[in-house]
>>> print(open('start.txt').read())   # compact mmCIF, C-alpha atoms
# COMPACT_ATOMS: atom_id res chain seq x y z
CA MET W 4 19.56 -26.88 -22.23
CA GLU W 5 16.17 -25.42 -23.14
CA ARG W 6 14.83 -22.98 -20.60
CA ILE W 7 11.29 -23.74 -19.44
CA ILE W 8 10.88 -21.69 -16.25
CA GLY W 9 10.40 -17.93 -16.60
CA THR W 10 9.75 -15.74 -13.56
CA ARG W 11 9.99 -17.35 -10.13
CA SER W 12 8.88 -15.78 -6.84
CA MET W 13 10.07 -17.56 -3.71
CA GLY W 14 9.20 -16.72 -0.12
CA LEU W 15 12.20 -17.12 2.21
CA ARG W 16 11.65 -18.07 5.83
CA ALA W 17 13.30 -15.70 8.28
CA PRO W 18 13.83 -15.42 12.05
CA ILE W 19 11.47 -13.34 14.18
CA ILE W 20 12.83 -9.80 14.11
CA GLU W 21 12.89 -7.43 17.08
CA LYS W 22 14.20 -3.94 17.71
CA GLY W 23 17.97 -3.67 17.41
CA ASP W 24 18.47 -6.79 15.26
CA SER W 25 20.92 -6.36 12.38
CA LEU W 26 18.39 -6.80 9.61
CA GLU W 27 20.90 -6.33 6.83
CA ASP W 28 22.94 -9.28 8.11
CA ILE W 29 19.83 -11.40 8.72
CA VAL W 30 18.47 -10.87 5.21
CA PHE W 31 21.90 -11.51 3.67
CA ASP W 32 22.33 -14.74 5.66
CA THR W 33 18.79 -15.87 4.77
CA VAL W 34 19.41 -15.39 1.04
CA LYS W 35 22.79 -17.15 1.30
CA ARG W 36 21.30 -20.14 3.14
CA ALA W 37 18.49 -20.39 0.58
CA VAL W 38 21.05 -20.41 -2.25
CA ILE W 39 23.07 -23.18 -0.59
CA ASN W 40 20.22 -25.31 0.78
CA HIS W 41 18.08 -25.20 -2.36
CA ASN W 42 20.77 -25.07 -5.06
CA ILE W 43 19.66 -21.65 -6.34
CA THR W 44 21.82 -19.87 -8.88
CA LEU W 45 21.56 -16.10 -8.57
CA ASN W 46 21.60 -13.97 -11.72
CA ASP W 47 21.85 -10.33 -12.69
CA LYS W 48 18.57 -8.46 -12.05
CA ASP W 49 17.32 -10.92 -9.46
CA VAL W 50 15.39 -8.98 -6.82
CA VAL W 51 15.46 -9.40 -3.04
CA CYS W 52 12.25 -7.96 -1.56
CA VAL W 53 11.99 -7.24 2.18
CA THR W 54 8.65 -6.45 3.78
CA GLU W 55 8.33 -3.00 5.38
CA SER W 56 7.29 -4.46 8.74
CA LEU W 57 10.63 -6.23 9.09
CA VAL W 58 12.53 -2.98 8.53
CA ALA W 59 10.34 -0.99 10.93
CA ARG W 60 10.56 -3.66 13.63
CA ALA W 61 14.35 -3.79 13.44
CA GLN W 62 14.46 0.01 13.63
CA GLY W 63 12.11 0.05 16.60
CA ASN W 64 9.97 2.56 14.73
CA TYR W 65 7.08 2.59 17.17
CA VAL W 66 5.08 5.32 18.87
CA SER W 67 2.56 5.34 21.73
CA ILE W 68 -0.93 6.73 21.38
CA ASP W 69 -0.15 9.23 24.15
CA THR W 70 2.72 10.62 22.08
CA ILE W 71 0.48 10.89 19.01
CA ALA W 72 -2.10 12.79 21.09
CA LYS W 73 0.63 15.14 22.26
CA ASP W 74 1.70 15.89 18.68
CA LEU W 75 -1.92 16.44 17.63
CA ASN W 76 -2.51 18.90 20.46
CA ASN W 77 0.65 20.75 19.47
CA LYS W 78 -0.63 21.09 15.90
CA PHE W 79 -4.37 21.63 16.47
CA LYS W 80 -5.20 24.28 19.08
CA GLY W 81 -9.00 24.37 18.91
CA ASP W 82 -11.54 22.47 20.98
CA GLU W 83 -13.10 20.68 17.99
CA LEU W 84 -11.45 18.67 15.23
CA VAL W 85 -12.74 17.08 12.04
CA VAL W 86 -11.36 13.61 11.29
CA LEU W 87 -12.04 13.41 7.58
CA PHE W 88 -12.38 10.28 5.42
CA PRO W 89 -10.59 7.65 7.54
CA ILE W 90 -10.59 4.14 6.13
CA LEU W 91 -12.61 1.46 7.90
CA SER W 92 -9.96 -0.70 9.53
CA ARG W 93 -9.20 -2.12 12.95
CA ASN W 94 -5.57 -2.73 12.02
CA ARG W 95 -4.93 0.57 10.27
CA PHE W 96 -7.11 3.27 11.76
CA SER W 97 -8.78 2.20 14.99
CA ILE W 98 -5.56 2.65 16.99
CA ILE W 99 -4.97 6.07 15.38
CA LEU W 100 -8.51 7.08 16.32
CA LYS W 101 -7.84 5.96 19.87
CA ALA W 102 -4.90 8.37 19.94
CA ILE W 103 -6.96 11.20 18.45
CA ALA W 104 -9.63 10.67 21.11
CA LEU W 105 -6.98 11.18 23.81
CA THR W 106 -6.61 14.83 22.73
CA GLY W 107 -9.80 15.57 24.65
CA LYS W 108 -11.24 17.50 21.71
CA LYS W 109 -14.74 17.07 20.41
CA LEU W 110 -14.29 15.00 17.27
CA HIS W 111 -16.36 15.06 14.10
CA ILE W 112 -15.63 11.78 12.33
CA CYS W 113 -16.67 12.26 8.71
CA LEU W 114 -17.00 9.00 6.78
CA SER W 115 -17.50 8.74 3.03
CA TYR W 116 -20.42 6.60 1.88
CA PRO W 117 -21.34 4.00 0.70
CA GLN W 118 -17.67 2.98 0.97
CA ASP W 119 -14.32 4.27 2.12
CA GLU W 120 -11.36 5.15 -0.06
CA VAL W 121 -10.10 1.58 -0.43
CA GLY W 122 -13.47 -0.07 -0.99
CA ASN W 123 -14.70 -1.08 2.48
CA TYR W 124 -18.49 -0.74 2.42
CA LEU W 125 -20.45 0.58 5.38
CA MET W 126 -23.82 0.11 3.71
CA ASP W 127 -25.47 -1.85 0.92
CA GLU W 128 -25.20 0.02 -2.38
CA MET W 129 -28.76 -0.92 -3.33
CA ASP W 130 -30.13 0.59 -0.11
CA LEU W 131 -28.53 3.87 -1.12
CA PHE W 132 -29.73 3.53 -4.71
CA ASN W 133 -33.32 2.92 -3.59
CA SER W 134 -33.34 5.89 -1.20
CA ASP W 135 -33.89 9.56 -2.01
CA ILE W 136 -30.39 10.43 -0.79
CA ASN W 137 -28.00 12.23 -3.13
CA PRO W 138 -24.51 11.03 -2.04
CA TYR W 139 -22.86 13.89 -3.92
CA LYS W 140 -24.40 16.57 -1.73
CA ASP W 141 -26.29 15.11 1.24
CA VAL W 142 -24.69 15.15 4.69
CA LEU W 143 -26.15 12.54 7.05
CA ASP W 144 -25.95 12.20 10.80
CA LEU W 145 -25.78 8.72 12.29
CA ASN W 146 -29.54 8.43 12.84
CA GLU W 147 -30.29 9.43 9.24
CA PHE W 148 -27.70 6.96 8.06
CA ARG W 149 -29.22 4.13 10.13
CA LYS W 150 -32.63 4.68 8.56
CA ILE W 151 -31.10 3.76 5.19
CA ALA W 152 -28.28 1.36 6.05
CA GLY W 153 -29.61 -0.29 9.19
CA GLU W 154 -27.07 -2.21 11.26
CA TYR W 155 -24.85 -3.02 8.28
CA LYS W 156 -21.76 -5.09 9.08
CA HIS W 157 -18.57 -5.41 7.05
CA THR W 158 -18.60 -8.44 4.75
CA PHE W 159 -15.31 -9.93 5.98
CA THR W 160 -14.91 -8.68 9.55
CA GLY W 161 -18.53 -8.54 10.70
CA ILE W 162 -17.82 -5.12 12.19
CA ASP W 163 -20.26 -2.22 12.32
CA TYR W 164 -17.63 0.49 11.80
CA PRO W 165 -19.69 3.58 12.71
CA GLU W 166 -20.52 1.83 15.98
CA LEU W 167 -16.90 0.75 16.55
CA TYR W 168 -15.52 4.22 15.91
CA SER W 169 -18.15 5.74 18.22
CA GLN W 170 -17.07 3.36 20.99
CA ILE W 171 -13.36 4.09 20.50
CA ALA W 172 -13.98 7.84 20.54
CA PRO W 173 -16.94 8.58 22.87
CA ASN W 174 -16.12 12.29 22.49
CA SER W 175 -17.13 12.12 18.82
CA GLU W 176 -20.04 12.55 16.44
CA ILE W 177 -20.31 10.50 13.23
CA HIS W 178 -21.21 12.26 9.98
CA LEU W 179 -21.58 10.76 6.50
CA LEU W 180 -20.56 12.96 3.57
CA ASN W 181 -18.65 12.87 0.29
CA ASN W 182 -17.91 16.53 -0.40
CA PRO W 183 -14.92 17.34 1.84
CA VAL W 184 -15.86 21.03 1.96
CA ASP W 185 -19.03 20.12 3.87
CA ALA W 186 -16.84 19.08 6.81
CA LEU W 187 -15.86 22.71 7.39
CA GLU W 188 -19.30 23.37 8.89
CA PHE W 189 -18.14 21.41 11.94
CA SER W 190 -14.67 22.93 12.37
CA ASP W 191 -12.04 24.81 10.36
CA GLU W 192 -9.41 22.46 11.79
CA VAL W 193 -9.28 19.20 9.85
CA LEU W 194 -7.16 16.09 10.02
CA VAL W 195 -7.43 14.59 6.54
CA SER W 196 -7.23 10.85 7.21
CA SER W 197 -7.48 9.43 3.68
CA ILE W 198 -4.41 7.94 2.05
CA HIS W 199 -4.29 8.37 -1.71
CA THR W 200 -6.70 11.32 -2.00
CA ARG W 201 -5.15 13.37 0.80
CA ASN W 202 -3.47 16.01 -1.36
CA ILE W 203 -6.51 16.91 -3.48
CA VAL W 204 -8.74 16.89 -0.38
CA LYS W 205 -6.39 19.26 1.46
CA ARG W 206 -6.33 21.59 -1.53
CA GLN W 207 -10.14 21.65 -1.72
CA LEU W 208 -10.42 22.44 1.99
CA LYS W 209 -7.82 25.20 1.93
CA GLU W 210 -9.39 26.84 -1.12
CA ALA W 211 -12.76 26.71 0.68
CA GLY W 212 -11.39 28.61 3.67
CA GLY W 213 -10.17 25.89 6.01
CA LYS W 214 -7.74 27.40 8.52
CA ASN W 215 -5.68 24.48 9.78
CA ILE W 216 -5.67 21.53 7.42
CA LEU W 217 -3.22 18.68 8.00
CA SER W 218 -3.06 15.06 6.86
CA LEU W 219 -1.80 11.91 8.56
CA ASP W 220 1.57 12.16 6.83
CA GLU W 221 2.15 15.42 8.74
CA ILE W 222 1.77 13.84 12.19
CA LEU W 223 4.82 12.27 13.90
CA THR W 224 7.25 13.50 11.24
CA GLU W 225 9.92 13.88 13.90
CA SER W 226 10.71 12.14 17.16
CA ILE W 227 8.88 13.28 20.29
CA ASP W 228 10.53 12.34 23.58
CA GLY W 229 12.55 9.62 21.84
CA SER W 230 9.63 8.10 19.95
CA GLY W 231 9.67 6.61 16.48
CA PHE W 232 8.74 8.82 13.55
CA ASN W 233 8.64 9.00 9.78
CA ALA W 234 9.72 12.25 8.14
CA ASP W 235 8.10 11.35 4.81
CA TYR W 236 4.88 9.56 5.73
CA GLY W 237 4.13 10.35 9.38
CA LEU W 238 1.28 8.07 10.49
CA LEU W 239 0.52 6.80 6.99
CA GLY W 240 1.45 3.16 6.52
CA SER W 241 1.21 2.47 10.24
CA ASN W 242 -0.33 -0.61 11.87
CA LEU W 243 -1.66 -1.56 15.26
CA SER W 244 1.12 -3.11 17.35
CA THR W 245 -0.38 -3.32 20.84
CA GLU W 246 -3.43 -1.75 22.44
CA ASN W 247 -1.47 1.42 23.09
CA GLU W 248 1.29 1.43 20.47
CA ILE W 249 1.59 1.83 16.70
CA LYS W 250 4.23 0.50 14.34
CA LEU W 251 5.13 3.19 11.84
CA PHE W 252 6.20 2.85 8.20
CA PRO W 253 10.00 2.33 8.09
CA ARG W 254 12.32 5.31 7.69
CA ASP W 255 15.75 5.64 6.05
CA GLY W 256 14.85 2.83 3.70
CA GLN W 257 17.16 3.99 0.94
CA LYS W 258 20.22 3.50 3.15
CA PHE W 259 19.07 -0.02 3.97
CA VAL W 260 18.48 -1.17 0.37
CA ALA W 261 21.76 0.36 -0.85
CA SER W 262 23.78 -1.27 1.91
CA LEU W 263 22.13 -4.68 1.48
CA GLN W 264 22.59 -4.53 -2.28
CA LYS W 265 26.31 -3.87 -1.90
CA LYS W 266 26.67 -6.84 0.44
CA LEU W 267 24.81 -9.15 -1.95
CA VAL W 268 26.70 -7.95 -5.03
CA ASP W 269 30.05 -8.36 -3.27
CA GLU W 270 29.19 -11.91 -2.22
CA PHE W 271 27.52 -13.25 -5.36
CA GLU W 272 29.11 -11.01 -8.03
CA LYS W 273 25.72 -10.38 -9.62
CA GLU W 274 23.80 -7.12 -10.00
CA ILE W 275 21.08 -7.98 -7.51
CA GLU W 276 18.35 -5.41 -6.88
CA VAL W 277 16.74 -4.78 -3.49
CA MET W 278 13.42 -3.25 -2.49
CA ILE W 279 11.25 -2.74 0.58
CA TYR W 280 7.59 -3.57 -0.05
CA GLY W 281 4.33 -3.08 1.81
CA ASP W 282 0.79 -3.62 0.56
CA GLY W 283 0.36 -4.82 -3.00
CA ALA W 284 -1.46 -2.60 -5.51
CA PHE W 285 -4.33 -4.94 -6.34
CA LYS W 286 -8.06 -5.17 -5.72
CA ASP W 287 -9.97 -8.14 -4.35
CA PRO W 288 -12.64 -8.89 -6.97
CA ALA W 289 -14.93 -10.61 -4.47
CA GLY W 290 -14.74 -8.19 -1.55
CA LYS W 291 -14.14 -5.16 -3.79
CA ILE W 292 -11.41 -3.96 -1.44
CA TRP W 293 -8.25 -2.34 -2.72
CA GLU W 294 -5.32 -3.88 -0.86
CA LEU W 295 -3.11 -0.78 -0.92
CA ALA W 296 -3.61 0.89 2.48
CA ASP W 297 0.03 2.03 2.54
CA PRO W 298 0.92 5.38 0.95
CA VAL W 299 3.15 3.61 -1.59
CA VAL W 300 3.89 0.00 -2.52
CA SER W 301 7.64 0.47 -2.12
CA PRO W 302 9.12 3.20 0.09
CA ALA W 303 12.69 2.37 -0.97
CA PHE W 304 14.39 0.48 -3.81
CA THR W 305 17.65 0.36 -5.73
CA LYS W 306 17.98 2.33 -8.95
CA GLY W 307 17.72 -0.69 -11.26
CA LEU W 308 14.03 -0.93 -10.36
CA LEU W 309 13.10 2.52 -11.67
CA GLY W 310 10.68 2.79 -14.58
CA THR W 311 7.92 0.81 -16.25
CA PRO W 312 8.02 -2.40 -18.31
CA SER W 313 8.48 -2.18 -22.08
CA GLU W 314 6.84 -5.33 -23.40
CA LEU W 315 5.19 -6.72 -26.49
CA LYS W 316 1.86 -8.57 -26.36
CA ILE W 317 2.62 -12.09 -27.55
CA LYS W 318 -0.96 -13.05 -28.39
CA TYR W 319 -1.46 -9.86 -30.46
CA ILE W 320 1.63 -10.60 -32.55
CA ALA W 321 0.70 -14.30 -32.86
CA ASP W 322 -2.78 -13.44 -34.12
CA ASN W 323 -1.75 -10.64 -36.47
CA GLU W 324 1.66 -11.67 -37.79
CA PHE W 325 2.29 -15.39 -37.34
CA SER W 326 -1.12 -17.06 -37.64
CA ASP W 327 -0.22 -18.86 -40.89
CA LEU W 328 3.01 -20.41 -39.55
CA SER W 329 3.53 -23.87 -38.06
CA LEU W 330 4.04 -24.35 -34.31
CA GLU W 331 7.83 -24.46 -34.60
CA GLU W 332 7.92 -21.52 -37.01
CA ARG W 333 5.66 -19.41 -34.78
CA THR W 334 7.82 -20.04 -31.75
CA SER W 335 11.05 -19.26 -33.59
CA ALA W 336 9.58 -16.15 -35.20
CA MET W 337 8.30 -14.89 -31.84
CA VAL W 338 11.69 -15.29 -30.19
CA ASP W 339 13.28 -13.38 -33.05
CA ARG W 340 10.60 -10.67 -32.97
CA ILE W 341 10.97 -10.06 -29.24
CA SER W 342 14.79 -10.10 -29.36
CA LYS W 343 14.68 -7.24 -31.89
CA LYS W 344 12.01 -5.10 -30.22
CA GLU W 345 12.60 -1.38 -29.89
CA LYS W 346 13.22 0.23 -26.50
CA GLU W 347 10.41 2.76 -26.88
CA LEU W 348 7.08 1.01 -27.49
CA VAL W 349 4.55 3.47 -26.03
CA GLY W 350 1.41 3.71 -28.16
CA ARG W 351 2.25 0.80 -30.45
CA ASN W 352 -0.53 -1.69 -31.23
CA GLU W 353 1.68 -4.64 -30.35
CA THR W 354 1.77 -3.40 -26.72
CA LEU W 355 -2.03 -3.41 -26.29
CA GLY W 356 -2.96 -5.15 -23.04
CA THR W 357 0.48 -4.92 -21.44
CA THR W 358 0.84 -3.32 -18.02
CA PRO W 359 2.20 0.26 -18.02
CA ARG W 360 2.73 0.43 -14.27
CA GLN W 361 5.78 1.12 -12.17
CA ILE W 362 8.09 -1.88 -11.89
CA THR W 363 8.21 -1.48 -8.10
CA ASP W 364 4.39 -1.57 -7.91
CA LEU W 365 4.32 -4.79 -9.93
CA LEU W 366 7.15 -6.45 -8.01
CA GLY W 367 5.82 -5.27 -4.65
CA SER W 368 2.40 -6.73 -5.45
CA LEU W 369 4.00 -10.02 -6.47
CA ALA W 370 6.05 -10.09 -3.27
CA ASP W 371 3.02 -9.25 -1.11
CA LEU W 372 1.01 -12.09 -2.64
CA THR W 373 3.95 -14.47 -2.21
CA SER W 374 4.66 -13.64 1.43
CA GLY W 375 1.02 -13.38 2.47
CA SER W 376 -0.11 -11.54 5.59
CA GLY W 377 -0.44 -14.38 8.08
CA ASP W 378 1.71 -17.24 9.30
CA LYS W 379 3.77 -18.26 6.26
CA GLY W 380 6.86 -16.74 7.90
CA THR W 381 8.35 -15.59 4.60
CA PRO W 382 8.86 -11.81 4.91
CA ILE W 383 11.74 -11.94 2.42
CA VAL W 384 10.96 -12.74 -1.22
CA LEU W 385 13.45 -13.65 -3.93
CA VAL W 386 12.22 -12.92 -7.46
CA GLN W 387 14.15 -14.36 -10.39
CA GLY W 388 13.71 -13.86 -14.11
CA TYR W 389 11.31 -10.94 -13.83
CA PHE W 390 13.22 -8.84 -16.33
CA ASP W 391 13.67 -11.69 -18.80
CA ASN W 392 11.46 -12.17 -21.85
CA TYR W 393 10.61 -15.04 -24.22
CA SER W 394 13.83 -14.56 -26.15
CA ASN W 395 16.13 -14.97 -23.14
CA ASN W 396 17.43 -18.51 -22.74
>>> encode(input="start.txt", output="structure tokens")
Amino acid sequence: MERIIGTRSMGLRAPIIEKGDSLEDIVFDTVKRAVINHNITLNDKDVVCVTESLVARAQGNYVSIDTIAKDLNNKFKGDELVVLFPILSRNRFSIILKAIALTGKKLHICLSYPQDEVGNYLMDEMDLFNSDINPYKDVLDLNEFRKIAGEYKHTFTGIDYPELYSQIAPNSEIHLLNNPVDALEFSDEVLVSSIHTRNIVKRQLKEAGGKNILSLDEILTESIDGSGFNADYGLLGSNLSTENEIKLFPRDGQKFVASLQKKLVDEFEKEIEVMIYGDGAFKDPAGKIWELADPVVSPAFTKGLLGTPSELKIKYIADNEFSDLSLEERTSAMVDRISKKEKELVGRNETLGTTPRQITDLLGSLADLTSGSGDKGTPIVLVQGYFDNYSNN
């Protein structure tokens, strides 16, 4: 029978997970029921994707804001602290800021402008363009900022983030700057709160004389009084859980994916891959916001998901090699061409326009789009045929 369907991504409905639930068994049972109820045939290189929140919830990987404040006071001894380049987010950062405020220190919240690291704007770009401000060197206080930006509100949330952050941390001052070294004029103790730029920012601060420079992935790296923790990512990848508690990024993910893979392989006798996924690595073209507010797309995955795709660009070959052939001849020639492609294709013209990204970033983005972030109730995603190409039938 001729194969028509290529890659399929299917969201699987799952029970509501709480601390202590056997997630491995629940995911296994969910996949098995989907196979039986929907007549799905599993194949080698199918991928079972489990959202990070499910893993963290089952682990009970939570921490209170009081515990975070305790860890911060253990690591920062001074009376003043710079909170540098946090993203503008109620879900991601507001609860962390609430914990930082509990330290009792005077805070200097330094925001980048006109937007944060992931593309959330706190002013209109044209207002900045039409001003005499140089964003590469000028440091603004909140009053100076208001003269240019006014009472600007976030496009999607309607939130005035400088105002919100001032309310959450009344012991703070807001500064707008883009050169991280400028923050050292407020304190030589800095909590770097960006996600993807944290390492280069820390290096710049240390080379400029900063005395105590830490980033969010260095807070809550071990349990305090029985709390949750994450040895690799600390507070990065965390989300608001309740008004006084944070859900952390899951830990020990590699053990989970390896154990679940073994259970699936033993049951279905297919080399099924498993990964944990968080935010997808894509940008919203309308809102200009980069979705990836987690430190990585996938904190844990089985070894079959290592690497990047090695693909040919079908339209390039069709235009340059098969344009004089009939429909049937073009199709047959393309199948033959792809079936005989070399393993190493880097730099070849016939790969122009393909996606040289990590497989886990691509699959995690697909899974994130499939599961959504609201009420679909499908935190497990089954991806089939992703590693197949046009020649596989």
>>> closest_residue(input="start.txt", among="W:Ile383, W:Gly237, W:Gly81, W:Asp391", to="Ala37 (chain W)", atoms="all atoms listed in the file")
W:Ile383
>>> closest_residue(input="start.txt", among="W:Leu91, W:Val386, W:Val38, W:Leu251", to="Ile162 (chain W)", atoms="all atoms listed in the file")
W:Leu91
>>> residues_around(input="start.txt", residues="Leu87 (chain W)", least_positions_apart="3", cutoff="7 Å", atoms="only C-alpha atoms", output="short mmCIF file (atom, residue, chain, number, x, y, z; two decimals) with C-alpha atoms, keeping the file's coordinate frame")
data_model
loop_
_atom_site.label_atom_id
_atom_site.label_comp_id
_atom_site.auth_asym_id
_atom_site.auth_seq_id
_atom_site.Cartn_x
_atom_site.Cartn_y
_atom_site.Cartn_z
CA ILE W 112 -15.63 11.78 12.33
CA CYS W 113 -16.67 12.26 8.71
CA LEU W 114 -17.00 9.00 6.78
CA VAL W 193 -9.28 19.20 9.85
CA LEU W 194 -7.16 16.09 10.02
CA VAL W 195 -7.43 14.59 6.54
CA SER W 196 -7.23 10.85 7.21
#
>>> residues_around(input="start.txt", residues="Ile99 (chain W)", least_positions_apart="6", cutoff="12 Å", atoms="only C-alpha atoms", output="ChimeraX atom specification")
/W:66-72,75,86,89-93,105-106,168,171-172,194,196,219,222-223,237-251
>>> write_last_selection(input="start.txt", atoms="C-alpha atoms", output="PDB file, in the frame of the given file")
ATOM      1  CA  VAL W  66       5.080   5.320  18.870  1.00  0.00           C
ATOM      2  CA  SER W  67       2.560   5.340  21.730  1.00  0.00           C
ATOM      3  CA  ILE W  68      -0.930   6.730  21.380  1.00  0.00           C
ATOM      4  CA  ASP W  69      -0.150   9.230  24.150  1.00  0.00           C
ATOM      5  CA  THR W  70       2.720  10.620  22.080  1.00  0.00           C
ATOM      6  CA  ILE W  71       0.480  10.890  19.010  1.00  0.00           C
ATOM      7  CA  ALA W  72      -2.100  12.790  21.090  1.00  0.00           C
ATOM      8  CA  LEU W  75      -1.920  16.440  17.630  1.00  0.00           C
ATOM      9  CA  VAL W  86     -11.360  13.610  11.290  1.00  0.00           C
ATOM     10  CA  PRO W  89     -10.590   7.650   7.540  1.00  0.00           C
ATOM     11  CA  ILE W  90     -10.590   4.140   6.130  1.00  0.00           C
ATOM     12  CA  LEU W  91     -12.610   1.460   7.900  1.00  0.00           C
ATOM     13  CA  SER W  92      -9.960  -0.700   9.530  1.00  0.00           C
ATOM     14  CA  ARG W  93      -9.200  -2.120  12.950  1.00  0.00           C
ATOM     15  CA  LEU W 105      -6.980  11.180  23.810  1.00  0.00           C
ATOM     16  CA  THR W 106      -6.610  14.830  22.730  1.00  0.00           C
ATOM     17  CA  TYR W 168     -15.520   4.220  15.910  1.00  0.00           C
ATOM     18  CA  ILE W 171     -13.360   4.090  20.500  1.00  0.00           C
ATOM     19  CA  ALA W 172     -13.980   7.840  20.540  1.00  0.00           C
ATOM     20  CA  LEU W 194      -7.160  16.090  10.020  1.00  0.00           C
ATOM     21  CA  SER W 196      -7.230  10.850   7.210  1.00  0.00           C
ATOM     22  CA  LEU W 219      -1.800  11.910   8.560  1.00  0.00           C
ATOM     23  CA  ILE W 222       1.770  13.840  12.190  1.00  0.00           C
ATOM     24  CA  LEU W 223       4.820  12.270  13.900  1.00  0.00           C
ATOM     25  CA  GLY W 237       4.130  10.350   9.380  1.00  0.00           C
ATOM     26  CA  LEU W 238       1.280   8.070  10.490  1.00  0.00           C
ATOM     27  CA  LEU W 239       0.520   6.800   6.990  1.00  0.00           C
ATOM     28  CA  GLY W 240       1.450   3.160   6.520  1.00  0.00           C
ATOM     29  CA  SER W 241       1.210   2.470  10.240  1.00  0.00           C
ATOM     30  CA  ASN W 242      -0.330  -0.610  11.870  1.00  0.00           C
ATOM     31  CA  LEU W 243      -1.660  -1.560  15.260  1.00  0.00           C
ATOM     32  CA  SER W 244       1.120  -3.110  17.350  1.00  0.00           C
ATOM     33  CA  THR W 245      -0.380  -3.320  20.840  1.00  0.00           C
ATOM     34  CA  GLU W 246      -3.430  -1.750  22.440  1.00  0.00           C
ATOM     35  CA  ASN W 247      -1.470   1.420  23.090  1.00  0.00           C
ATOM     36  CA  GLU W 248       1.290   1.430  20.470  1.00  0.00           C
ATOM     37  CA  ILE W 249       1.590   1.830  16.700  1.00  0.00           C
ATOM     38  CA  LYS W 250       4.230   0.500  14.340  1.00  0.00           C
ATOM     39  CA  LEU W 251       5.130   3.190  11.840  1.00  0.00           C
TER      40      LEU W 251
END
>>> atom_distance(input="start.txt", atom1="CA of Asn146 (chain W)", atom2="CA of Gly122 (chain W)")
22.8 Å
>>> closest_residue(input="start.txt", among="W:Gly367, W:Pro165, W:Gly375, W:Pro298", to="Gly153 (chain W)", atoms="only C-alpha atoms")
W:Pro165
>>> residues_around(input="start.txt", residues="Thr311 (chain W)", least_positions_apart="4", cutoff="8 Å", atoms="all atoms listed in the file", output="VMD selection string")
chain W and resid 359 to 362
>>> atom_distance(input="start.txt", atom1="CA of Lys109 (chain W)", atom2="CA of Asn215 (chain W)")
15.8 Å
>>> residues_around(input="start.txt", residues="Val30 (chain W)", least_positions_apart="5", cutoff="12 Å", atoms="all atoms listed in the file", output="ChimeraX atom specification")
/W:15-20,24-25,35-37,51-54,57-58,61,259-260,262-264,266-267,277-279,381-385
>>> closest_residue(input="start.txt", among="W:Ile292, W:Leu187, W:Asp228, W:Leu330", to="Glu210 (chain W)", atoms="all atoms listed in the file")
W:Leu187
>>> closest_residue(input="start.txt", among="W:Ile203, W:Ile151, W:Val121, W:Ile216", to="Lys78 (chain W)", atoms="only C-alpha atoms")
W:Ile216
>>> closest_residue(input="start.txt", among="W:Leu309, W:Leu84, W:Ala261, W:Val268", to="Gly107 (chain W)", atoms="all atoms listed in the file")
W:Leu84
>>> residues_around(input="start.txt", residues="Leu372 (chain W)", least_positions_apart="5", cutoff="12 Å", atoms="all atoms listed in the file", output="MDAnalysis selection string")
chainID W and resid 12:14 54 280:287 294 365:367 377 379 381:384
>>> atom_distance(input="start.txt", atom1="CA of Lys316 (chain W)", atom2="CA of Ile341 (chain W)")
9.7 Å
